[in-house]
file target.txt (compact mmCIF, N, CA, C and O atoms)
# COMPACT_ATOMS: atom_id res chain seq x y z
N MET A 1 117.61 167.34 108.57
CA MET A 1 117.27 167.71 109.92
C MET A 1 116.96 166.49 110.77
O MET A 1 117.02 166.54 111.98
N SER A 2 116.67 165.37 110.18
CA SER A 2 116.27 164.20 110.94
C SER A 2 117.40 163.67 111.82
O SER A 2 117.13 163.01 112.81
N GLY A 3 118.65 163.96 111.52
CA GLY A 3 119.75 163.49 112.35
C GLY A 3 120.10 164.41 113.50
O GLY A 3 120.87 164.05 114.36
N GLU A 4 119.53 165.60 113.52
CA GLU A 4 119.85 166.57 114.55
C GLU A 4 119.03 166.32 115.81
O GLU A 4 117.83 166.19 115.75
N PRO A 5 119.70 166.29 116.97
CA PRO A 5 118.93 166.18 118.22
C PRO A 5 118.28 167.52 118.54
O PRO A 5 118.73 168.57 118.09
N LEU A 6 117.19 167.47 119.30
CA LEU A 6 116.56 168.71 119.75
C LEU A 6 117.53 169.44 120.65
O LEU A 6 118.26 168.82 121.42
N PRO A 7 117.56 170.77 120.57
CA PRO A 7 118.46 171.52 121.43
C PRO A 7 118.09 171.31 122.90
O PRO A 7 116.92 171.25 123.26
N GLU A 8 119.11 171.18 123.72
CA GLU A 8 118.89 170.96 125.15
C GLU A 8 118.58 172.27 125.85
O GLU A 8 119.09 173.32 125.47
N VAL A 9 117.79 172.19 126.86
CA VAL A 9 117.50 173.34 127.72
C VAL A 9 118.15 173.05 129.05
O VAL A 9 117.86 172.03 129.69
N LEU A 10 119.06 173.93 129.47
CA LEU A 10 119.75 173.76 130.74
C LEU A 10 119.16 174.70 131.78
O LEU A 10 118.83 175.84 131.48
N CYS A 11 119.06 174.21 133.00
CA CYS A 11 118.60 175.05 134.10
C CYS A 11 119.64 176.13 134.35
O CYS A 11 120.83 175.82 134.52
N PRO A 12 119.24 177.40 134.36
CA PRO A 12 120.22 178.47 134.59
C PRO A 12 120.73 178.50 136.03
O PRO A 12 121.78 179.09 136.29
N LEU A 13 120.03 177.83 136.93
CA LEU A 13 120.46 177.83 138.33
C LEU A 13 121.49 176.75 138.63
O LEU A 13 122.48 177.01 139.31
N CYS A 14 121.24 175.54 138.12
CA CYS A 14 122.16 174.45 138.47
C CYS A 14 122.79 173.76 137.26
O CYS A 14 123.53 172.80 137.41
N ARG A 15 122.49 174.24 136.05
CA ARG A 15 123.09 173.77 134.79
C ARG A 15 122.79 172.30 134.48
O ARG A 15 123.52 171.66 133.74
N VAL A 16 121.71 171.77 135.02
CA VAL A 16 121.28 170.40 134.75
C VAL A 16 120.31 170.43 133.57
O VAL A 16 119.47 171.34 133.49
N PRO A 17 120.41 169.47 132.64
CA PRO A 17 119.45 169.43 131.53
C PRO A 17 118.02 169.30 132.05
O PRO A 17 117.74 168.50 132.94
N ALA A 18 117.14 170.08 131.47
CA ALA A 18 115.74 170.09 131.90
C ALA A 18 115.01 168.85 131.42
O ALA A 18 115.38 168.23 130.42
N ASP A 19 113.97 168.51 132.13
CA ASP A 19 113.10 167.39 131.77
C ASP A 19 112.07 167.88 130.76
O ASP A 19 111.30 168.80 131.04
N ARG A 20 112.04 167.28 129.58
CA ARG A 20 111.13 167.72 128.52
C ARG A 20 109.67 167.41 128.84
O ARG A 20 108.77 168.04 128.30
N GLN A 21 109.43 166.45 129.70
CA GLN A 21 108.05 166.11 130.06
C GLN A 21 107.45 167.13 131.02
O GLN A 21 106.35 167.59 130.83
N SER A 22 108.19 167.47 132.06
CA SER A 22 107.66 168.38 133.08
C SER A 22 107.99 169.84 132.81
O SER A 22 107.45 170.73 133.46
N LEU A 23 108.91 170.10 131.85
CA LEU A 23 109.39 171.44 131.53
C LEU A 23 110.02 172.11 132.74
O LEU A 23 109.97 173.32 132.91
N GLY A 24 110.63 171.29 133.57
CA GLY A 24 111.28 171.81 134.77
C GLY A 24 112.63 171.16 134.99
O GLY A 24 113.02 170.22 134.30
N CYS A 25 113.32 171.67 135.99
CA CYS A 25 114.63 171.13 136.35
C CYS A 25 114.43 169.94 137.28
O CYS A 25 113.76 170.06 138.31
N PRO A 26 115.03 168.80 136.94
CA PRO A 26 114.88 167.64 137.81
C PRO A 26 115.67 167.77 139.12
O PRO A 26 115.38 167.08 140.08
N SER A 27 116.59 168.70 139.16
CA SER A 27 117.42 168.89 140.35
C SER A 27 116.79 169.87 141.34
O SER A 27 116.52 169.52 142.48
N CYS A 28 116.54 171.10 140.88
CA CYS A 28 116.04 172.13 141.80
C CYS A 28 114.54 172.39 141.65
O CYS A 28 113.98 173.20 142.37
N ARG A 29 113.91 171.73 140.67
CA ARG A 29 112.47 171.84 140.43
C ARG A 29 112.03 173.22 139.91
O ARG A 29 110.87 173.57 139.97
N GLU A 30 112.96 173.99 139.38
CA GLU A 30 112.63 175.31 138.81
C GLU A 30 111.77 175.11 137.57
O GLU A 30 112.02 174.23 136.75
N ASP A 31 110.77 175.95 137.39
CA ASP A 31 109.90 175.93 136.20
C ASP A 31 110.68 176.55 135.04
O ASP A 31 111.05 177.72 135.08
N LEU A 32 110.92 175.77 134.01
CA LEU A 32 111.72 176.23 132.86
C LEU A 32 110.88 176.32 131.59
O LEU A 32 111.41 176.37 130.49
N SER A 33 109.57 176.40 131.74
CA SER A 33 108.69 176.42 130.57
C SER A 33 108.96 177.61 129.66
O SER A 33 108.86 177.50 128.44
N VAL A 34 109.32 178.75 130.22
CA VAL A 34 109.63 179.93 129.40
C VAL A 34 110.88 179.67 128.56
O VAL A 34 110.94 180.05 127.39
N LEU A 35 111.87 179.01 129.13
CA LEU A 35 113.08 178.70 128.36
C LEU A 35 112.78 177.71 127.24
O LEU A 35 113.34 177.83 126.14
N PHE A 36 111.89 176.75 127.48
CA PHE A 36 111.49 175.84 126.42
C PHE A 36 110.79 176.60 125.30
O PHE A 36 111.03 176.36 124.12
N ARG A 37 109.94 177.54 125.67
CA ARG A 37 109.21 178.34 124.67
C ARG A 37 110.20 179.12 123.79
O ARG A 37 110.04 179.19 122.58
N LEU A 38 111.21 179.69 124.42
CA LEU A 38 112.22 180.43 123.65
C LEU A 38 113.05 179.50 122.77
O LEU A 38 113.34 179.82 121.62
N ARG A 39 113.43 178.35 123.30
CA ARG A 39 114.28 177.41 122.57
C ARG A 39 113.57 176.83 121.35
O ARG A 39 114.16 176.60 120.31
N TYR A 40 112.25 176.60 121.49
CA TYR A 40 111.50 175.97 120.43
C TYR A 40 110.57 176.93 119.70
O TYR A 40 109.64 176.51 119.02
N ALA A 41 110.82 178.21 119.80
CA ALA A 41 109.96 179.24 119.20
C ALA A 41 109.80 179.03 117.69
O ALA A 41 108.69 179.19 117.15
N ALA A 42 110.85 178.66 117.00
CA ALA A 42 110.77 178.47 115.54
C ALA A 42 109.83 177.33 115.19
O ALA A 42 109.02 177.43 114.27
N ARG A 43 109.89 176.25 115.93
CA ARG A 43 109.04 175.10 115.67
C ARG A 43 107.58 175.41 116.00
O ARG A 43 106.67 174.95 115.33
N ILE A 44 107.38 176.20 117.03
CA ILE A 44 106.03 176.64 117.39
C ILE A 44 105.47 177.52 116.28
O ILE A 44 104.31 177.36 115.87
N ASP A 45 106.29 178.45 115.78
CA ASP A 45 105.84 179.31 114.68
C ASP A 45 105.54 178.50 113.42
O ASP A 45 104.60 178.79 112.69
N TYR A 46 106.34 177.47 113.16
CA TYR A 46 106.10 176.61 112.01
C TYR A 46 104.73 175.94 112.13
O TYR A 46 103.94 175.93 111.18
N ASN A 47 104.43 175.40 113.30
CA ASN A 47 103.13 174.75 113.51
C ASN A 47 101.99 175.75 113.39
O ASN A 47 100.93 175.44 112.84
N ARG A 48 102.19 176.94 113.90
CA ARG A 48 101.15 177.97 113.77
C ARG A 48 100.96 178.37 112.30
O ARG A 48 99.85 178.67 111.88
N ALA A 49 102.04 178.37 111.53
CA ALA A 49 101.93 178.67 110.10
C ALA A 49 101.11 177.60 109.39
O ALA A 49 100.29 177.91 108.52
N LEU A 50 101.31 176.34 109.77
CA LEU A 50 100.52 175.26 109.18
C LEU A 50 99.04 175.46 109.51
O LEU A 50 98.18 175.28 108.64
N ASP A 51 98.75 175.84 110.75
CA ASP A 51 97.36 176.10 111.14
C ASP A 51 96.78 177.27 110.35
O ASP A 51 95.63 177.23 109.91
N ALA A 52 97.59 178.32 110.16
CA ALA A 52 97.13 179.49 109.41
C ALA A 52 96.83 179.12 107.96
O ALA A 52 95.83 179.56 107.39
N LEU A 53 97.68 178.29 107.36
CA LEU A 53 97.42 177.85 105.99
C LEU A 53 96.14 177.02 105.90
O LEU A 53 95.35 177.19 104.97
N ALA A 54 95.95 176.15 106.88
CA ALA A 54 94.73 175.33 106.89
C ALA A 54 93.48 176.21 107.01
O ALA A 54 92.43 175.86 106.48
N ALA A 55 93.63 177.35 107.70
CA ALA A 55 92.51 178.28 107.87
C ALA A 55 92.39 179.25 106.71
O ALA A 55 91.51 180.10 106.70
N GLY A 56 93.30 179.17 105.74
CA GLY A 56 93.25 180.04 104.58
C GLY A 56 93.92 181.39 104.76
O GLY A 56 93.72 182.28 103.94
N ASP A 57 94.71 181.56 105.80
CA ASP A 57 95.38 182.83 106.06
C ASP A 57 96.86 182.75 105.64
O ASP A 57 97.76 182.58 106.46
N GLY A 58 97.08 182.86 104.33
CA GLY A 58 98.43 182.74 103.79
C GLY A 58 99.35 183.86 104.24
O GLY A 58 100.55 183.64 104.41
N GLY A 59 98.82 185.06 104.44
CA GLY A 59 99.65 186.18 104.89
C GLY A 59 100.23 185.93 106.26
O GLY A 59 101.42 186.16 106.51
N LEU A 60 99.40 185.45 107.18
CA LEU A 60 99.88 185.14 108.53
C LEU A 60 100.89 184.00 108.47
O LEU A 60 101.94 184.06 109.11
N ALA A 61 100.60 182.97 107.68
CA ALA A 61 101.52 181.85 107.54
C ALA A 61 102.87 182.31 107.02
O ALA A 61 103.92 181.89 107.53
N HIS A 62 102.87 183.19 106.05
CA HIS A 62 104.11 183.71 105.47
C HIS A 62 104.94 184.42 106.54
O HIS A 62 106.15 184.19 106.66
N GLY A 63 104.30 185.27 107.34
CA GLY A 63 105.02 185.98 108.40
C GLY A 63 105.57 185.04 109.46
O GLY A 63 106.71 185.20 109.92
N LEU A 64 104.78 184.04 109.85
CA LEU A 64 105.24 183.08 110.85
C LEU A 64 106.41 182.25 110.33
O LEU A 64 107.35 181.95 111.07
N LEU A 65 106.36 181.87 109.06
CA LEU A 65 107.45 181.10 108.47
C LEU A 65 108.73 181.92 108.39
O LEU A 65 109.83 181.41 108.63
N HIS A 66 108.60 183.20 108.05
CA HIS A 66 109.78 184.08 108.05
C HIS A 66 110.42 184.10 109.42
O HIS A 66 111.64 183.97 109.57
N ARG A 67 109.59 184.27 110.44
CA ARG A 67 110.10 184.33 111.81
C ARG A 67 110.73 183.00 112.23
O ARG A 67 111.77 182.98 112.88
N ALA A 68 110.12 181.89 111.81
CA ALA A 68 110.67 180.58 112.15
C ALA A 68 112.05 180.37 111.52
O ALA A 68 112.97 179.90 112.17
N VAL A 69 112.19 180.75 110.26
CA VAL A 69 113.46 180.58 109.56
C VAL A 69 114.54 181.51 110.13
O VAL A 69 115.71 181.13 110.23
N GLU A 70 114.15 182.70 110.53
CA GLU A 70 115.12 183.60 111.16
C GLU A 70 115.61 183.04 112.49
O GLU A 70 116.78 183.13 112.82
N ALA A 71 114.70 182.45 113.26
CA ALA A 71 115.06 181.92 114.58
C ALA A 71 115.87 180.62 114.48
O ALA A 71 116.75 180.37 115.29
N GLU A 72 115.54 179.79 113.49
CA GLU A 72 116.23 178.51 113.33
C GLU A 72 116.46 178.27 111.84
O GLU A 72 115.66 177.60 111.17
N PRO A 73 117.56 178.79 111.29
CA PRO A 73 117.81 178.68 109.85
C PRO A 73 117.85 177.26 109.32
O PRO A 73 117.58 177.02 108.15
N GLY A 74 118.17 176.29 110.15
CA GLY A 74 118.24 174.90 109.71
C GLY A 74 116.92 174.16 109.74
O GLY A 74 116.88 172.96 109.47
N LEU A 75 115.83 174.84 110.01
CA LEU A 75 114.50 174.21 110.07
C LEU A 75 114.00 174.07 108.64
O LEU A 75 113.24 174.89 108.12
N GLU A 76 114.44 173.00 107.97
CA GLU A 76 114.19 172.82 106.54
C GLU A 76 112.71 172.80 106.15
O GLU A 76 112.35 173.41 105.13
N PRO A 77 111.83 172.14 106.89
CA PRO A 77 110.42 172.17 106.47
C PRO A 77 109.86 173.59 106.42
O PRO A 77 109.10 173.92 105.51
N ALA A 78 110.26 174.43 107.36
CA ALA A 78 109.80 175.83 107.36
C ALA A 78 110.39 176.58 106.18
O ALA A 78 109.70 177.33 105.50
N ARG A 79 111.66 176.35 105.91
CA ARG A 79 112.33 177.01 104.78
C ARG A 79 111.69 176.60 103.46
O ARG A 79 111.41 177.43 102.60
N GLU A 80 111.43 175.30 103.30
CA GLU A 80 110.83 174.81 102.05
C GLU A 80 109.42 175.35 101.85
O GLU A 80 109.06 175.74 100.74
N LEU A 81 108.64 175.38 102.93
CA LEU A 81 107.28 175.90 102.81
C LEU A 81 107.30 177.39 102.52
O LEU A 81 106.50 177.88 101.72
N LEU A 82 108.23 178.11 103.12
CA LEU A 82 108.35 179.55 102.85
C LEU A 82 108.73 179.78 101.39
O LEU A 82 108.15 180.65 100.73
N GLU A 83 109.65 178.99 100.86
CA GLU A 83 110.01 179.11 99.45
C GLU A 83 108.82 178.80 98.56
O GLU A 83 108.59 179.48 97.56
N SER A 84 108.07 177.79 98.91
CA SER A 84 106.89 177.42 98.14
C SER A 84 105.86 178.56 98.13
O SER A 84 105.28 178.88 97.10
N LEU A 85 105.66 179.18 99.29
CA LEU A 85 104.73 180.31 99.37
C LEU A 85 105.25 181.50 98.58
O LEU A 85 104.47 182.23 97.96
N SER A 86 106.55 181.70 98.59
CA SER A 86 107.13 182.83 97.87
C SER A 86 106.98 182.66 96.37
O SER A 86 106.78 183.64 95.65
N VAL A 87 107.03 181.42 95.89
CA VAL A 87 106.91 181.15 94.47
C VAL A 87 105.45 181.19 94.03
O VAL A 87 105.10 181.81 93.04
N SER A 88 104.58 180.52 94.80
CA SER A 88 103.19 180.39 94.38
C SER A 88 102.27 181.45 94.96
O SER A 88 101.13 181.56 94.54
N GLY A 89 102.75 182.20 95.93
CA GLY A 89 101.90 183.17 96.60
C GLY A 89 101.23 182.53 97.79
O GLY A 89 101.10 181.30 97.85
N PRO A 90 100.81 183.31 98.78
CA PRO A 90 100.25 182.77 100.01
C PRO A 90 99.05 181.85 99.81
O PRO A 90 98.81 180.97 100.58
N ALA A 91 98.29 182.02 98.74
CA ALA A 91 97.11 181.18 98.54
C ALA A 91 97.44 179.94 97.72
O ALA A 91 96.59 179.09 97.51
N GLY A 92 98.70 179.78 97.28
CA GLY A 92 99.04 178.72 96.35
C GLY A 92 99.43 177.40 96.95
O GLY A 92 99.66 176.45 96.24
N VAL A 93 99.50 177.27 98.25
CA VAL A 93 99.89 176.01 98.87
C VAL A 93 98.67 175.41 99.52
O VAL A 93 98.07 175.99 100.39
N SER A 94 98.32 174.23 99.08
CA SER A 94 97.15 173.56 99.66
C SER A 94 97.59 172.64 100.78
O SER A 94 98.77 172.36 100.94
N GLY A 95 96.65 172.14 101.52
CA GLY A 95 96.95 171.21 102.61
C GLY A 95 97.66 169.96 102.13
O GLY A 95 98.45 169.38 102.84
N ALA A 96 97.41 169.56 100.90
CA ALA A 96 98.05 168.35 100.36
C ALA A 96 99.53 168.58 100.08
O ALA A 96 100.30 167.64 100.00
N ASP A 97 99.95 169.83 99.96
CA ASP A 97 101.34 170.12 99.65
C ASP A 97 102.20 170.25 100.90
O ASP A 97 103.40 170.40 100.81
N ARG A 98 101.59 170.18 102.08
CA ARG A 98 102.34 170.34 103.32
C ARG A 98 102.63 168.98 103.93
O ARG A 98 101.88 168.05 103.76
N ASP A 99 103.69 168.92 104.73
CA ASP A 99 104.05 167.68 105.38
C ASP A 99 103.17 167.37 106.57
O ASP A 99 102.78 166.26 106.78
N GLY A 100 102.89 168.32 107.40
CA GLY A 100 102.11 168.03 108.60
C GLY A 100 102.63 168.81 109.77
O GLY A 100 103.14 169.90 109.63
N ASP A 101 102.55 168.20 110.91
CA ASP A 101 102.88 168.86 112.15
C ASP A 101 104.38 169.06 112.30
O ASP A 101 105.12 168.97 111.34
N THR A 102 104.81 169.29 113.50
CA THR A 102 106.20 169.59 113.80
C THR A 102 107.14 168.67 113.04
O THR A 102 106.94 167.46 113.02
N PRO A 103 108.18 169.26 112.45
CA PRO A 103 109.13 168.42 111.69
C PRO A 103 109.84 167.45 112.61
O PRO A 103 110.04 167.72 113.79
N PRO A 104 110.21 166.27 112.09
CA PRO A 104 110.91 165.29 112.92
C PRO A 104 112.29 165.80 113.30
O PRO A 104 112.83 166.68 112.65
N ASP A 105 112.84 165.20 114.33
CA ASP A 105 114.16 165.61 114.82
C ASP A 105 115.23 165.15 113.88
O ASP A 105 115.45 164.13 113.54
call {"tool": "encode", "arguments": {"input": "target.txt", "output": "structure tokens"}}
result
Amino acid sequence: MSGEPLPEVLCPLCRVPADRQSLGCPSCREDLSVLFRLRYAARIDYNRALDALAAGDGGLAHGLLHRAVEAEPGLEPARELLESLSVSGPAGVSGADRDGDTPPD
């Protein structure tokens, strides 16, 4: 996954790539934050799953990881963590077994 660029978000009004810093269109200034949320939903769910595991909620983490893998099948860290949870059970993955925050591009 490290060689893959992040998916681009295009403005639906003028088809210009959105600015990742402002979450808006640099051309027409349209707010595109909702489109960013949809485009990166799998990565957001992955991060929430990590938070759930850190809080001891393996069931929530399992559900979030399922949703992340369905939304972005190539999100390897989410897939690997989901497999690990499936083998060891939701309580079987400790913080030391996880990579960390959002997977690299």
call {"tool": "residues_around", "arguments": {"input": "target.txt", "residues": "His66 (chain A)", "least_positions_apart": "6", "cutoff": "7 Å", "atoms": "all atoms listed in the file", "output": "PyMOL selection string"}}
result
chain A and resi 60+72+78+82
call {"tool": "atom_distance", "arguments": {"input": "target.txt", "atom1": "atom N of Arg48 (chain A)", "atom2": "CA of Ala68 (chain A)"}}
result
9.4 Å
call {"tool": "atom_distance", "arguments": {"input": "target.txt", "atom1": "atom N of Ser88 (chain A)", "atom2": "CA of Asp51 (chain A)"}}
result
18.4 Å
call {"tool": "axis_aligned_box", "arguments": {"input": "target.txt", "around": "region 74-82 of chain A", "padding_each_side": "8 Å", "output": "JSON"}}
result
{"center_x": 112.4, "center_y": 176.4, "center_z": 105.4, "size_x": 27.7, "size_y": 24.5, "size_z": 25.4}
call {"tool": "atom_distance", "arguments": {"input": "target.txt", "atom1": "CA of Leu32 (chain A)", "atom2": "CA of His62 (chain A)"}}
result
29.4 Å
call {"tool": "closest_residue", "arguments": {"input": "target.txt", "among": "A:Ala55, A:Leu50, A:Cys11, A:Val87", "to": "Pro26 (chain A)", "atoms": "all atoms listed in the file"}}
result
A:Cys11
call {"tool": "residues_around", "arguments": {"input": "target.txt", "residues": "Cys28 (chain A)", "least_positions_apart": "4", "cutoff": "12 Å", "atoms": "only C-alpha atoms", "output": "ChimeraX atom specification"}}
result
/A:10-19,24,32
